[in-house]
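File shown: work33.txt (compact mmCIF, C-alpha atoms and all ligand atoms).
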```txt
# COMPACT_ATOMS: atom_id res chain seq x y z
CA MET T 1 13.72 8.21 44.49
CA LYS T 2 16.37 10.93 44.15
CA TYR T 3 17.95 8.93 41.28
CA LEU T 4 14.58 8.51 39.57
CA LYS T 5 14.06 12.27 39.59
CA PHE T 6 17.56 12.75 38.24
CA PHE T 7 16.95 10.34 35.34
CA GLN T 8 13.59 11.93 34.57
CA THR T 9 15.28 15.36 34.37
CA LEU T 10 18.04 13.89 32.21
CA LEU T 11 15.50 12.34 29.80
CA LEU T 12 13.63 15.64 29.61
CA LEU T 13 16.88 17.45 28.88
CA LEU T 14 17.79 14.96 26.16
CA ALA T 15 14.37 15.43 24.56
CA CYS T 16 14.84 19.21 24.63
CA VAL T 17 18.34 18.91 23.15
CA THR T 18 17.04 16.78 20.25
CA LEU T 19 14.29 19.27 19.59
CA SER T 20 16.44 22.35 20.17
CA GLY T 21 15.90 24.82 17.37
CA ALA T 22 13.41 22.50 15.70
CA LYS T 23 9.71 23.09 15.70
CA ALA T 24 7.58 19.98 16.21
CA THR T 25 5.29 21.09 13.35
CA VAL T 26 5.88 23.41 10.41
CA ILE T 27 3.62 24.54 7.57
CA LEU T 28 5.23 24.51 4.15
CA LYS T 29 3.22 25.70 1.13
CA GLY T 30 0.02 25.03 3.07
CA LYS T 31 1.05 21.48 4.04
CA VAL T 32 1.65 20.35 7.58
CA TYR T 33 5.03 18.73 8.25
CA ARG T 34 6.05 16.94 11.44
CA HIS T 35 9.54 16.81 12.94
CA ALA T 36 10.78 13.25 12.23
CA GLY T 37 12.51 12.92 15.63
CA SER T 38 9.34 13.91 17.53
CA VAL T 39 7.30 11.53 15.39
CA SER T 40 9.66 8.66 16.18
CA ARG T 41 9.31 9.35 19.92
CA GLU T 42 5.53 9.59 19.65
CA LEU T 43 5.56 6.18 17.89
CA LYS T 44 7.94 4.76 20.54
CA CYS T 45 10.49 4.02 17.81
CA GLY T 46 14.22 4.31 17.43
CA TYR T 47 15.45 7.05 15.08
CA TYR T 48 18.87 6.80 13.44
CA VAL T 49 20.90 7.68 10.38
CA SER T 50 22.97 5.32 8.26
CA GLY T 51 24.69 6.81 5.22
CA LYS T 52 22.12 8.90 3.36
CA ASN T 53 19.19 7.02 4.88
CA TYR T 54 17.19 7.96 7.96
CA TYR T 55 15.41 5.19 9.83
CA ILE T 56 12.40 5.08 12.14
CA ALA T 57 12.22 1.54 13.46
CA ARG T 58 10.79 -0.74 16.12
CA GLY T 59 10.72 -4.55 16.26
CA ARG T 60 10.35 -6.06 12.79
CA GLU T 61 9.11 -2.81 11.24
CA ASN T 62 11.50 -0.35 9.75
CA PHE T 63 10.71 2.79 7.78
CA SER T 64 13.44 4.61 5.91
CA PHE T 65 13.57 7.87 4.00
CA ARG T 66 15.97 10.35 2.40
CA PRO T 67 15.80 14.14 2.52
CA GLU T 68 13.82 15.73 -0.33
CA ARG T 69 12.61 12.34 -1.59
CA ALA T 70 9.16 10.75 -1.46
CA ASP T 71 10.30 7.23 -2.37
CA PHE T 72 10.31 5.67 1.07
CA ARG T 73 11.05 2.09 2.06
CA VAL T 74 9.28 -0.12 4.56
CA SER T 75 11.40 -3.14 5.50
CA ASN T 76 13.04 -3.07 2.05
CA ILE T 77 9.85 -2.63 0.06
CA SER T 78 9.40 0.59 -1.94
CA VAL T 79 6.53 2.70 -0.73
CA ALA T 80 5.60 5.93 -2.48
CA GLY T 81 4.96 8.66 0.06
CA SER T 82 2.51 11.50 -0.50
CA PHE T 83 5.19 14.21 -0.18
CA PRO T 84 9.00 14.29 -0.05
CA ALA T 85 10.68 14.42 3.36
CA ARG T 86 11.96 17.98 3.94
CA GLN T 87 15.17 19.25 5.45
CA ILE T 88 14.47 22.55 7.21
CA GLY T 89 17.17 24.30 9.22
CA GLY T 90 19.16 21.09 9.56
CA HIS T 91 16.15 19.13 10.81
CA LEU T 92 14.10 16.52 8.99
CA TYR T 93 10.37 16.68 8.55
CA LEU T 94 7.77 14.27 7.19
CA SER T 95 4.36 15.36 5.89
CA ALA T 96 1.54 14.86 8.39
CA ILE T 97 -0.32 12.89 5.69
CA ASP T 98 2.55 10.38 5.48
CA VAL T 99 2.79 10.18 9.27
CA ASN T 100 -0.93 9.42 9.48
CA THR T 101 -1.30 7.07 6.52
CA LEU T 102 2.06 5.23 6.57
CA LEU T 103 3.85 5.50 9.89
CA ARG T 104 0.93 5.31 12.30
CA PRO T 105 -0.64 2.20 10.66
CA LEU T 106 2.78 0.50 10.82
CA PHE T 107 3.82 1.41 14.36
CA MET T 108 0.54 2.24 16.12
CA PRO T 109 -2.04 0.04 14.40
CA ARG T 110 -4.27 -0.15 17.47
CA GLN T 111 -4.77 3.63 17.39
CA SER T 112 -4.97 4.16 13.64
CA ILE T 113 -6.44 1.23 11.72
CA ARG T 114 -10.10 0.27 11.49
CA ARG T 115 -10.56 -3.20 12.96
CA HIS T 116 -12.98 -5.29 10.96
CA ALA T 117 -13.93 -8.85 10.17
CA VAL T 118 -12.15 -10.42 7.19
CA ARG T 119 -14.44 -13.09 5.75
CA ARG T 120 -15.81 -12.02 2.40
CA ILE T 121 -13.22 -11.13 -0.24
CA ILE T 122 -14.27 -9.43 -3.47
CA ILE T 123 -11.92 -10.20 -6.34
CA ASP T 124 -12.17 -7.92 -9.34
CA PRO T 125 -10.67 -9.20 -12.62
CA GLY T 126 -10.18 -6.02 -14.68
CA HIS T 127 -11.62 -5.36 -18.15
CA GLY T 128 -13.75 -7.97 -20.02
CA GLY T 129 -15.92 -8.16 -23.16
CA PHE T 130 -14.87 -5.62 -25.83
CA ASP T 131 -12.42 -4.09 -23.34
CA ARG T 132 -9.47 -6.44 -23.77
CA GLY T 133 -7.10 -4.49 -21.54
CA ALA T 134 -3.41 -4.68 -22.37
CA ALA T 135 -2.21 -7.15 -24.97
CA GLY T 136 1.08 -9.00 -25.26
CA LYS T 137 2.22 -11.19 -28.13
CA SER T 138 0.27 -14.25 -27.03
CA ILE T 139 -1.96 -13.29 -24.09
CA ILE T 140 -4.50 -10.58 -23.36
CA GLU T 141 -5.10 -9.00 -19.99
CA LYS T 142 -8.85 -9.66 -19.66
CA LYS T 143 -8.31 -13.44 -19.98
CA LEU T 144 -5.24 -13.64 -17.79
CA VAL T 145 -6.72 -11.65 -14.88
CA LEU T 146 -9.86 -13.81 -14.89
CA GLN T 147 -7.77 -17.00 -14.73
CA ILE T 148 -5.71 -15.65 -11.81
CA ALA T 149 -8.86 -14.33 -10.06
CA LYS T 150 -10.43 -17.81 -10.19
CA ARG T 151 -7.25 -19.44 -8.90
CA THR T 152 -7.01 -16.90 -6.04
CA ALA T 153 -10.65 -17.45 -5.11
CA ASP T 154 -10.12 -21.25 -5.02
CA ILE T 155 -7.15 -20.92 -2.66
CA LEU T 156 -8.93 -18.44 -0.37
CA LYS T 157 -12.02 -20.66 -0.24
CA ARG T 158 -9.83 -23.58 0.84
CA CYS T 159 -8.54 -21.29 3.64
CA GLY T 160 -12.08 -20.66 4.84
CA TYR T 161 -12.86 -17.31 3.20
CA THR T 162 -15.88 -16.51 1.05
CA CYS T 163 -14.90 -15.13 -2.36
CA ILE T 164 -17.02 -13.24 -4.83
CA LEU T 165 -15.79 -12.25 -8.31
CA THR T 166 -17.07 -9.05 -9.94
CA ARG T 167 -17.19 -11.00 -13.23
CA ARG T 168 -16.99 -14.73 -13.87
CA GLY T 169 -16.89 -14.66 -17.67
CA ASP T 170 -15.84 -12.59 -20.66
CA TYR T 171 -18.15 -9.58 -20.35
CA LEU T 172 -17.58 -5.98 -19.35
CA VAL T 173 -18.59 -4.70 -15.95
CA PRO T 174 -18.45 -0.86 -16.00
CA LEU T 175 -15.76 0.58 -13.70
CA ASN T 176 -18.19 2.43 -11.42
CA GLN T 177 -20.31 -0.72 -11.01
CA ARG T 178 -17.43 -2.74 -9.54
CA PRO T 179 -17.15 -0.96 -6.16
CA LEU T 180 -20.95 -0.68 -5.97
CA PHE T 181 -21.23 -4.44 -6.50
CA ALA T 182 -18.59 -4.98 -3.78
CA ASN T 183 -20.52 -2.74 -1.37
CA ARG T 184 -23.85 -4.46 -2.15
CA SER T 185 -22.16 -7.85 -1.62
CA LYS T 186 -21.02 -6.65 1.81
CA GLY T 187 -17.37 -7.40 1.05
CA ASP T 188 -14.71 -7.07 3.73
CA LEU T 189 -11.83 -6.54 1.25
CA PHE T 190 -11.61 -5.65 -2.44
CA ILE T 191 -8.72 -6.74 -4.69
CA SER T 192 -8.64 -5.56 -8.31
CA LEU T 193 -6.37 -7.56 -10.63
CA HIS T 194 -4.58 -6.08 -13.64
CA CYS T 195 -1.50 -6.43 -15.81
CA ASN T 196 0.70 -3.54 -16.77
CA ALA T 197 1.74 -2.41 -20.25
CA SER T 198 4.41 -0.01 -21.46
CA LYS T 199 5.87 1.22 -24.74
CA ASP T 200 9.22 0.47 -23.12
CA THR T 201 9.37 -3.29 -23.50
CA ARG T 202 12.09 -3.47 -20.82
CA ALA T 203 9.63 -2.26 -18.14
CA ALA T 204 8.94 -5.10 -15.70
CA GLY T 205 7.80 -5.74 -12.16
CA ILE T 206 4.97 -5.57 -9.66
CA GLU T 207 3.02 -2.60 -8.28
CA THR T 208 0.24 -2.44 -5.71
CA TYR T 209 -1.95 0.67 -5.58
CA CYS T 210 -4.08 2.01 -2.79
CA LEU T 211 -6.28 5.10 -2.85
CA THR T 212 -4.45 8.45 -2.66
CA PRO T 213 -5.23 10.24 0.63
CA ALA T 214 -7.18 13.50 0.39
CA GLY T 215 -4.82 16.47 0.15
CA ALA T 216 -2.05 14.45 -1.55
CA SER T 217 -1.01 13.84 -5.14
CA SER T 218 -1.02 10.38 -6.72
CA THR T 219 2.26 8.62 -7.44
CA ASN T 220 2.03 9.01 -11.23
CA HIS T 221 0.43 12.51 -11.26
CA GLN T 222 1.42 15.75 -9.58
CA LYS T 223 -2.10 17.13 -9.07
CA VAL T 224 -3.04 17.54 -5.41
CA SER T 225 -6.74 17.05 -4.71
CA GLY T 226 -8.48 17.77 -1.44
CA THR T 227 -11.47 15.56 -2.25
CA ALA T 228 -12.09 12.79 0.26
CA PHE T 229 -13.78 9.75 -1.27
CA PRO T 230 -15.62 7.08 0.74
CA GLY T 231 -12.59 4.80 0.26
CA ASN T 232 -10.40 7.34 2.10
CA ALA T 233 -12.11 6.33 5.34
CA PHE T 234 -9.79 3.28 5.15
CA ASN T 235 -6.49 5.04 4.31
CA ALA T 236 -4.52 3.22 7.03
CA ASN T 237 -6.05 -0.19 6.21
CA ASN T 238 -5.64 0.39 2.46
CA PHE T 239 -1.93 0.97 2.96
CA LEU T 240 -1.42 -2.12 5.14
CA LEU T 241 -3.34 -4.31 2.68
CA ALA T 242 -1.29 -2.96 -0.25
CA TYR T 243 1.94 -3.42 1.69
CA GLU T 244 1.20 -7.05 2.67
CA ILE T 245 0.16 -7.98 -0.87
CA GLN T 246 3.19 -6.29 -2.44
CA ARG T 247 5.52 -7.97 0.07
CA SER T 248 4.00 -11.40 -0.51
CA MET T 249 4.08 -10.98 -4.31
CA LEU T 250 7.77 -10.07 -4.27
CA LEU T 251 8.69 -12.91 -1.94
CA ARG T 252 6.91 -15.56 -3.97
CA THR T 253 7.44 -14.38 -7.54
CA LYS T 254 10.92 -12.82 -7.11
CA GLY T 255 9.55 -10.04 -9.36
CA GLN T 256 10.98 -6.53 -9.54
CA ASP T 257 9.66 -4.18 -6.84
CA ARG T 258 7.89 -1.17 -8.36
CA GLY T 259 6.40 -0.40 -4.99
CA VAL T 260 3.24 0.38 -3.10
CA ARG T 261 1.78 3.38 -4.92
CA ARG T 262 -1.16 5.76 -4.65
CA SER T 263 -3.82 6.42 -7.23
CA ARG T 264 -7.43 7.62 -7.34
CA PHE T 265 -8.57 4.70 -9.51
CA ALA T 266 -12.34 4.64 -10.10
CA VAL T 267 -12.59 1.12 -8.64
CA LEU T 268 -11.01 2.23 -5.34
CA ARG T 269 -12.76 5.58 -4.75
CA ASN T 270 -16.21 4.49 -3.63
CA LEU T 271 -15.43 1.32 -1.71
CA ALA T 272 -17.02 0.81 1.70
CA MET T 273 -14.14 -1.55 2.63
CA PRO T 274 -10.33 -1.54 2.32
CA GLY T 275 -9.21 -2.17 -1.25
CA VAL T 276 -6.19 -2.29 -3.54
CA LEU T 277 -5.39 -2.62 -7.24
CA LEU T 278 -2.60 -5.00 -8.12
CA GLU T 279 -0.53 -4.78 -11.32
CA MET T 280 0.85 -8.32 -11.50
CA GLY T 281 3.50 -7.77 -14.16
CA PHE T 282 4.14 -6.31 -17.62
CA ILE T 283 2.40 -8.15 -20.39
CA THR T 284 4.54 -6.07 -22.81
CA ASN T 285 7.78 -7.49 -21.42
CA ALA T 286 8.65 -10.70 -23.28
CA ALA T 287 10.08 -12.52 -20.25
CA GLU T 288 7.19 -11.55 -17.96
CA GLU T 289 4.60 -12.41 -20.59
CA ARG T 290 6.13 -15.88 -21.01
CA LYS T 291 5.93 -16.44 -17.24
CA LEU T 292 2.42 -14.99 -16.89
CA ALA T 293 1.18 -17.38 -19.59
CA THR T 294 2.13 -20.48 -17.59
CA PRO T 295 -0.37 -22.08 -15.18
CA ALA T 296 2.44 -22.65 -12.65
CA TYR T 297 3.25 -18.92 -12.43
CA GLN T 298 -0.44 -17.99 -12.34
CA GLU T 299 -0.84 -20.34 -9.37
CA GLN T 300 2.22 -18.78 -7.71
CA ILE T 301 0.67 -15.30 -8.07
CA ALA T 302 -2.70 -16.54 -6.77
CA ARG T 303 -0.95 -18.02 -3.73
CA ALA T 304 0.99 -14.79 -3.17
CA ILE T 305 -2.23 -12.73 -3.21
CA ALA T 306 -3.91 -15.16 -0.80
CA VAL T 307 -0.94 -15.08 1.59
CA GLY T 308 -0.90 -11.26 1.43
CA ILE T 309 -4.58 -11.19 2.42
CA ILE T 310 -3.97 -13.64 5.26
CA SER T 311 -1.02 -11.55 6.53
CA TYR T 312 -3.24 -8.45 6.50
CA HIS T 313 -5.94 -10.43 8.35
CA ARG T 314 -3.36 -11.44 10.98
CA ARG T 315 -2.27 -7.81 11.48
CA ILE T 316 -5.88 -6.72 12.00
CA TYR T 317 -6.50 -9.63 14.34
CA SER T 318 -3.32 -9.21 16.37
CA CYS T 319 -4.11 -5.61 17.29
CA ARG T 320 -7.65 -6.21 18.45
ZN ZN L 401 -5.88 -3.30 -16.65
```

Once more with this new file: its structure as structure tokens, please.
Amino acid sequence: MKYLKFFQTLLLLLACVTLSGAKATVILKGKVYRHAGSVSRELKCGYYVSGKNYYIARGRENFSFRPERADFRVSNISVAGSFPARQIGGHLYLSAIDVNTLLRPLFMPRQSIRRHAVRRIIIDPGHGGFDRGAAGKSIIEKKLVLQIAKRTADILKRCGYTCILTRRGDYLVPLNQRPLFANRSKGDLFISLHCNASKDTRAAGIETYCLTPAGASSTNHQKVSGTAFPGNAFNANNFLLAYEIQRSMLLRTKGQDRGVRRSRFAVLRNLAMPGVLLEMGFITNAAEERKLATPAYQEQIARAIAVGIISYHRRIYSCR
């Protein structure tokens, strides 16, 4: 008993030493930041430094960051944070938004994610009709995304899911109609499929977007907006879905990792279910276009998306 008391005092002392001189929470330019060490303890994680990288890790999950940078990594996959990690008075801080929308879903899913049934998947092939989307030398986005959407739906149906496409032919569905259709169809998940384009023909790789949290700026824009959209009710789930799809895509296609990113895309804002937008590759990159044009690679992508959805489903299920 005496020893127990001694160890309890020792642990308390250690905790105080780690936090000595560091505030658990600081406000910087109106944003709340949390002390990374305190966050790691709250999440029951290990916290360590290796080279320039700081790690918060437990079990198979591992989150790493660098001071003054917002390009985080989750188990070797790039994840764009909402704000850079800050070094204040020799201590490291992470924005409360990143703690709540990245770290808590990863390490404390039971307390942070919304548990829901995963049965009905809405697949949204982008563009259509006069809106061709991006164009490469031989393929156009509207056609390619529809082909991959149909392949993905076939695989998911074989796995027991119900799949509904927002368009089944070459016609345009207005952007704002897509989430409304998904909501009316009582979807459990929404996956929008696109291909990327760039003036830089060397640009290549895969990106998965989820809705930017309120109070944060999107990955490709600096503007901070405080508006909370209906889709923000699923911030934690949106991130986990994006992460699982990005991870599965990289594993199966061996594509370049451009990361899980945040954007306030019209198709994601008004969803009444978790949703992501996937950029499956650059149609303007000759090598990627050649691959994207082949049925074998399209099938590989479709499988990767399906496996990503199943992995997300497992995560939701395992923390019931
Ligand atoms: Zn597109």

Proximity check chain T to ligand ZN 401 (chain L), 12 Å, nearest pairs one decimal Å, only C-alpha atoms and all ligand atoms, as JSON lines:
```
{"residue": "T:Asp124", "atom": "CA", "partner": "L:ZN401", "partner_atom": "ZN", "distance": 10.7}
{"residue": "T:Pro125", "atom": "CA", "partner": "L:ZN401", "partner_atom": "ZN", "distance": 8.6}
{"residue": "T:Gly126", "atom": "CA", "partner": "L:ZN401", "partner_atom": "ZN", "distance": 5.5}
{"residue": "T:His127", "atom": "CA", "partner": "L:ZN401", "partner_atom": "ZN", "distance": 6.3}
{"residue": "T:Gly128", "atom": "CA", "partner": "L:ZN401", "partner_atom": "ZN", "distance": 9.8}
{"residue": "T:Asp131", "atom": "CA", "partner": "L:ZN401", "partner_atom": "ZN", "distance": 9.4}
{"residue": "T:Arg132", "atom": "CA", "partner": "L:ZN401", "partner_atom": "ZN", "distance": 8.6}
{"residue": "T:Gly133", "atom": "CA", "partner": "L:ZN401", "partner_atom": "ZN", "distance": 5.2}
{"residue": "T:Ala134", "atom": "CA", "partner": "L:ZN401", "partner_atom": "ZN", "distance": 6.4}
{"residue": "T:Ala135", "atom": "CA", "partner": "L:ZN401", "partner_atom": "ZN", "distance": 9.9}
{"residue": "T:Ile140", "atom": "CA", "partner": "L:ZN401", "partner_atom": "ZN", "distance": 10.0}
{"residue": "T:Glu141", "atom": "CA", "partner": "L:ZN401", "partner_atom": "ZN", "distance": 6.7}
{"residue": "T:Lys142", "atom": "CA", "partner": "L:ZN401", "partner_atom": "ZN", "distance": 7.6}
{"residue": "T:Lys143", "atom": "CA", "partner": "L:ZN401", "partner_atom": "ZN", "distance": 10.9}
{"residue": "T:Leu144", "atom": "CA", "partner": "L:ZN401", "partner_atom": "ZN", "distance": 10.4}
{"residue": "T:Val145", "atom": "CA", "partner": "L:ZN401", "partner_atom": "ZN", "distance": 8.6}
{"residue": "T:Leu146", "atom": "CA", "partner": "L:ZN401", "partner_atom": "ZN", "distance": 11.4}
{"residue": "T:Leu175", "atom": "CA", "partner": "L:ZN401", "partner_atom": "ZN", "distance": 11.0}
{"residue": "T:Ser192", "atom": "CA", "partner": "L:ZN401", "partner_atom": "ZN", "distance": 9.1}
{"residue": "T:Leu193", "atom": "CA", "partner": "L:ZN401", "partner_atom": "ZN", "distance": 7.4}
{"residue": "T:His194", "atom": "CA", "partner": "L:ZN401", "partner_atom": "ZN", "distance": 4.3}
{"residue": "T:Cys195", "atom": "CA", "partner": "L:ZN401", "partner_atom": "ZN", "distance": 5.4}
{"residue": "T:Asn196", "atom": "CA", "partner": "L:ZN401", "partner_atom": "ZN", "distance": 6.6}
{"residue": "T:Ala197", "atom": "CA", "partner": "L:ZN401", "partner_atom": "ZN", "distance": 8.5}
{"residue": "T:Ser198", "atom": "CA", "partner": "L:ZN401", "partner_atom": "ZN", "distance": 11.8}
{"residue": "T:Phe265", "atom": "CA", "partner": "L:ZN401", "partner_atom": "ZN", "distance": 11.1}
{"residue": "T:Val267", "atom": "CA", "partner": "L:ZN401", "partner_atom": "ZN", "distance": 11.3}
{"residue": "T:Leu277", "atom": "CA", "partner": "L:ZN401", "partner_atom": "ZN", "distance": 9.4}
{"residue": "T:Leu278", "atom": "CA", "partner": "L:ZN401", "partner_atom": "ZN", "distance": 9.3}
{"residue": "T:Glu279", "atom": "CA", "partner": "L:ZN401", "partner_atom": "ZN", "distance": 7.7}
{"residue": "T:Met280", "atom": "CA", "partner": "L:ZN401", "partner_atom": "ZN", "distance": 9.8}
{"residue": "T:Gly281", "atom": "CA", "partner": "L:ZN401", "partner_atom": "ZN", "distance": 10.7}
{"residue": "T:Phe282", "atom": "CA", "partner": "L:ZN401", "partner_atom": "ZN", "distance": 10.5}
{"residue": "T:Ile283", "atom": "CA", "partner": "L:ZN401", "partner_atom": "ZN", "distance": 10.3}
```

Convert the current residue selection to file output with C-alpha atoms, as a short mmCIF file (atom, residue, chain, number, x, y, z; two decimals), in the frame of the given file.
```cif
data_model
loop_
_atom_site.label_atom_id
_atom_site.label_comp_id
_atom_site.auth_asym_id
_atom_site.auth_seq_id
_atom_site.Cartn_x
_atom_site.Cartn_y
_atom_site.Cartn_z
CA ASP T 124 -12.17 -7.92 -9.34
CA PRO T 125 -10.67 -9.20 -12.62
CA GLY T 126 -10.18 -6.02 -14.68
CA HIS T 127 -11.62 -5.36 -18.15
CA GLY T 128 -13.75 -7.97 -20.02
CA ASP T 131 -12.42 -4.09 -23.34
CA ARG T 132 -9.47 -6.44 -23.77
CA GLY T 133 -7.10 -4.49 -21.54
CA ALA T 134 -3.41 -4.68 -22.37
CA ALA T 135 -2.21 -7.15 -24.97
CA ILE T 140 -4.50 -10.58 -23.36
CA GLU T 141 -5.10 -9.00 -19.99
CA LYS T 142 -8.85 -9.66 -19.66
CA LYS T 143 -8.31 -13.44 -19.98
CA LEU T 144 -5.24 -13.64 -17.79
CA VAL T 145 -6.72 -11.65 -14.88
CA LEU T 146 -9.86 -13.81 -14.89
CA LEU T 175 -15.76 0.58 -13.70
CA SER T 192 -8.64 -5.56 -8.31
CA LEU T 193 -6.37 -7.56 -10.63
CA HIS T 194 -4.58 -6.08 -13.64
CA CYS T 195 -1.50 -6.43 -15.81
CA ASN T 196 0.70 -3.54 -16.77
CA ALA T 197 1.74 -2.41 -20.25
CA SER T 198 4.41 -0.01 -21.46
CA PHE T 265 -8.57 4.70 -9.51
CA VAL T 267 -12.59 1.12 -8.64
CA LEU T 277 -5.39 -2.62 -7.24
CA LEU T 278 -2.60 -5.00 -8.12
CA GLU T 279 -0.53 -4.78 -11.32
CA MET T 280 0.85 -8.32 -11.50
CA GLY T 281 3.50 -7.77 -14.16
CA PHE T 282 4.14 -6.31 -17.62
CA ILE T 283 2.40 -8.15 -20.39
#
```

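Reported to one decimal place, the separation of CA of Ile164 (chain T) from CA of Phe130 (chain T) is 22.4 Å.
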
Quiz prompt | Local residues around (-14.5, -8.6, 11.2), at most 9 Å away, using all atoms listed in the file, as an MDAnalysis selection string | solution = chainID T and resid 115:119 188 316:317

Quiz prompt | Ref. answer, residues at most 12 Å from (-17.8, -1.9, -10.0) with only C-alpha atoms, as number ranges by chain | solution = T: 122-127, 165-167, 172-185, 190-192, 265-271

Give me, as a short mmCIF file (atom, residue, chain, number, x, y, z; two decimals) with C-alpha atoms, in the coordinates of the input, all polymer residues having an atom no more than 10 Å from Leu103 (chain T), counting only C-alpha atoms and skipping those fewer than 6 positions away in the same chain.
```
data_model
loop_
_atom_site.label_atom_id
_atom_site.label_comp_id
_atom_site.auth_asym_id
_atom_site.auth_seq_id
_atom_site.Cartn_x
_atom_site.Cartn_y
_atom_site.Cartn_z
CA VAL T 39 7.30 11.53 15.39
CA SER T 40 9.66 8.66 16.18
CA LEU T 43 5.56 6.18 17.89
CA ILE T 56 12.40 5.08 12.14
CA ALA T 57 12.22 1.54 13.46
CA GLU T 61 9.11 -2.81 11.24
CA ASN T 62 11.50 -0.35 9.75
CA PHE T 63 10.71 2.79 7.78
CA VAL T 74 9.28 -0.12 4.56
CA LEU T 94 7.77 14.27 7.19
CA ALA T 96 1.54 14.86 8.39
CA ILE T 97 -0.32 12.89 5.69
CA PRO T 109 -2.04 0.04 14.40
CA SER T 112 -4.97 4.16 13.64
CA ALA T 236 -4.52 3.22 7.03
#
```

Quiz item: What does the distance between CA of Lys291 (chain T) and CA of Gly205 (chain T) come to in Å, to one decimal place?
Solution: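 Atom-to-atom, CA of Lys291 (chain T) to CA of Gly205 (chain T), that is 12.0 Å.
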
Exercise. Choose the residue, out of T:Val32, T:Asn238, T:Glu42, T:Ala24, that has the smallest atom-to-atom separation from Leu102 (chain T); count only C-alpha atoms.
Key: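 So, comparing all the options, the nearest one is T:Asn238.
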
Exercise. Using CA of Gly37 (chain T) and CA of Gly51 (chain T) as the two end points, give the distance in Å to one decimal.
Key: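 Rounded to one decimal, the two atoms are 17.1 Å apart.
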
Adding 4 Å on each side of the box along x, y and z that holds all listed atoms of region 151-164 of chain T, could you give its centre and edge lengths in Å to one decimal, as lines of an AutoDock Vina configuration file?
```
center_x = -12.0
center_y = -18.4
center_z = -2.0
size_x = 18.0
size_y = 18.3
size_z = 21.7
```

Quiz item: Using only C-alpha atoms, which of the listed residues (T:Asp71, T:Asp200, T:Asp170, T:Asp154) sits closest to Glu299 (chain T)?
Solution: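 That would be T:Asp154, the residue with the smallest distance to Glu299 (chain T).
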